[in-house]
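Colleague: The structure is given below, and queries will be raised subsequently.
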Amino acid sequence: MVTAGIGMEQSSTPEIVKKCQKEMIEAVYESREEALEILEEYISRVRNREIDLEDLIIEKKITRNPEDYKSTNRSAEAAKRMKRKGIDIRAGQKVRYIVRDQNSRPRVLLDFEEIDRYDNEYYVEKLEKCC
């Protein structure tokens, strides 16, 4: 199966989205209804917090040093968080984070921090867009 050009091939796509896409693509060969059932199952698991947090991690390469970001997108916020924790992070390196809450601070938590919650609707939107 060729998957070039879709979300599951991008390193910034959370593993939960990649897994869902893979299952849906395989199911599409069988039936559209089965593919939609798979999507609904993943959405339910995300909303009910029945997934492995590792599957939510987003990995992005930063293009600037943390202090050089003027606006604070999620990747920049993660890089600045790493810097505050004493971790040397520079342009060209990757940050790994989970979206905690799109609408309040902190929006992201680093993959090694204790995850008290995640923004399930953010991940549901990602699933719906890709599938």
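Identifiers in the structure tokens: chain A, B, ... in order shown; residue index from 1 per chain; ligand index from 1 in order shown.
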Restrict the calculation to only C-alpha atoms, then for each residue of segment 16-60 of chain A with any atom at most 9 Å from an atom of segment 122-128 of chain A give the closest atom pair and their distance in Å to one decimal, rows by chain and rising residue number, as CSV.

Modeller:
```
residue,atom,partner,partner_atom,distance
A:Ile16,CA,A:Leu127,CA,8.2
A:Val17,CA,A:Leu127,CA,5.6
A:Lys18,CA,A:Leu127,CA,9.0
A:Cys20,CA,A:Leu127,CA,7.5
A:Gln21,CA,A:Leu127,CA,8.2
A:Leu39,CA,A:Leu127,CA,7.5
A:Tyr42,CA,A:Leu127,CA,8.0
A:Ile43,CA,A:Val124,CA,5.7
A:Ser44,CA,A:Val124,CA,8.8
A:Val46,CA,A:Val124,CA,6.9
A:Arg47,CA,A:Val124,CA,7.6
A:Leu56,CA,A:Tyr123,CA,7.8
```

Colleague: Write a file of the selected residues as a PDB file, in the first residue's frame, keeping C-alpha atoms.

Modeller:
```pdb
ATOM      1  CA  ILE A  16      -3.021   8.058  17.191  1.00  0.00           C
ATOM      2  CA  VAL A  17      -3.836   9.748  13.865  1.00  0.00           C
ATOM      3  CA  LYS A  18      -1.358   7.564  11.956  1.00  0.00           C
ATOM      4  CA  CYS A  20      -6.383   5.467  12.615  1.00  0.00           C
ATOM      5  CA  GLN A  21      -5.456   6.414   9.036  1.00  0.00           C
ATOM      6  CA  LEU A  39     -12.873   6.466  12.818  1.00  0.00           C
ATOM      7  CA  TYR A  42     -10.775   6.172  17.583  1.00  0.00           C
ATOM      8  CA  ILE A  43     -12.781   9.319  18.340  1.00  0.00           C
ATOM      9  CA  SER A  44     -14.535   7.518  21.183  1.00  0.00           C
ATOM     10  CA  VAL A  46      -9.748   9.800  22.492  1.00  0.00           C
ATOM     11  CA  ARG A  47     -12.807  11.386  24.122  1.00  0.00           C
ATOM     12  CA  LEU A  56      -0.661  11.742  21.249  1.00  0.00           C
TER      13      LEU A  56
END
```

Colleague: Find the residues near Glu15 of chain A: any atom within 9 Å, counting only C-alpha atoms, skip ones fewer than 5 places away on the same chain, and give them as a count of residues only.

Modeller: 7

Colleague: Can you tell me which residues surround Glu59 of chain A at a distance of at most 8 Å, considering only C-alpha atoms, apart from same-chain residues fewer than 2 positions away, and format the answer as a ChimeraX atom specification?

Modeller: /A:11-14,57,61,94-97

Colleague: What separation in Å, quoted to one decimal, exists between atom CA of Asn48 of chain A and atom CA of Tyr118 of chain A?

Modeller: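 According to the coordinates, atom CA of Asn48 of chain A and atom CA of Tyr118 of chain A are separated by 11.2 Å.
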
Colleague: Out of A:Leu110, A:Lys70, A:Arg64, A:Lys129, which residue has the shortest atom-to-atom distance to Ile87 of chain A when counting only C-alpha atoms?

Modeller: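 Checking each candidate against Ile87 of chain A, we get A:Leu110 as the closest.
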
Colleague: Got a sec: who's within 12 Å of Ala35 of chain A, counting only C-alpha atoms, leaving out chain neighbours fewer than 3 positions off, as a PyMOL selection string?

Modeller: chain A and resi 20-32+38-42+131

Colleague: Between A:Ile115, A:Glu77, A:Ile62, A:Gln102, single out the one closest to Ile89 of chain A, counting only C-alpha atoms.

Modeller: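 For Ile89 of chain A, the nearest of the given residues is A:Ile62.
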
Colleague: Can you measure atom CA of Asp101 of chain A to atom CA of Asp119 of chain A for me? One decimal in Å is fine.

Modeller: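 Going from atom CA of Asp101 of chain A over to atom CA of Asp119 of chain A, I get 4.9 Å.
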
Colleague: At what distance in Å, to one decimal, does atom CA of Lys85 of chain A lie from atom CA of Arg107 of chain A?

Modeller: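 It comes out at 16.2 Å.
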
Colleague: From a DSSP calculation on the backbone, collect every residue of segment 49-119 of chain A in helix (DSSP H, G or I) and output the set as a PyMOL selection string.

Modeller: chain A and resi 53-56+66-68+74-84

Colleague: Per DSSP on the backbone, filter chain A down to the residues in strand (DSSP E or B) and report them as an NGL selection string.

Modeller: :A and (58-61 or 94-99 or 108-110)

Colleague: Which one of A:Arg105, A:Phe112, A:Thr63, A:Leu53 sits closest to Met82 of chain A if you count only C-alpha atoms?

Modeller: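 Using only C-alpha atoms, the shortest distance to Met82 of chain A belongs to A:Phe112.
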
Colleague: For Asn73 of chain A, please output as a list in words all residues within 10 Å (counting only C-alpha atoms; exclusion window: fewer than 5 positions along the same chain).

Modeller: Ala78, Ala79, Arg107 and Val108 of chain A

Colleague: Could you tell me which of A:Glu50, A:Glu67, A:Ala91, A:Arg74 comes closest to Ser104 of chain A if we count only C-alpha atoms?

Modeller: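 For Ser104 of chain A, the nearest of the candidates is A:Arg74.
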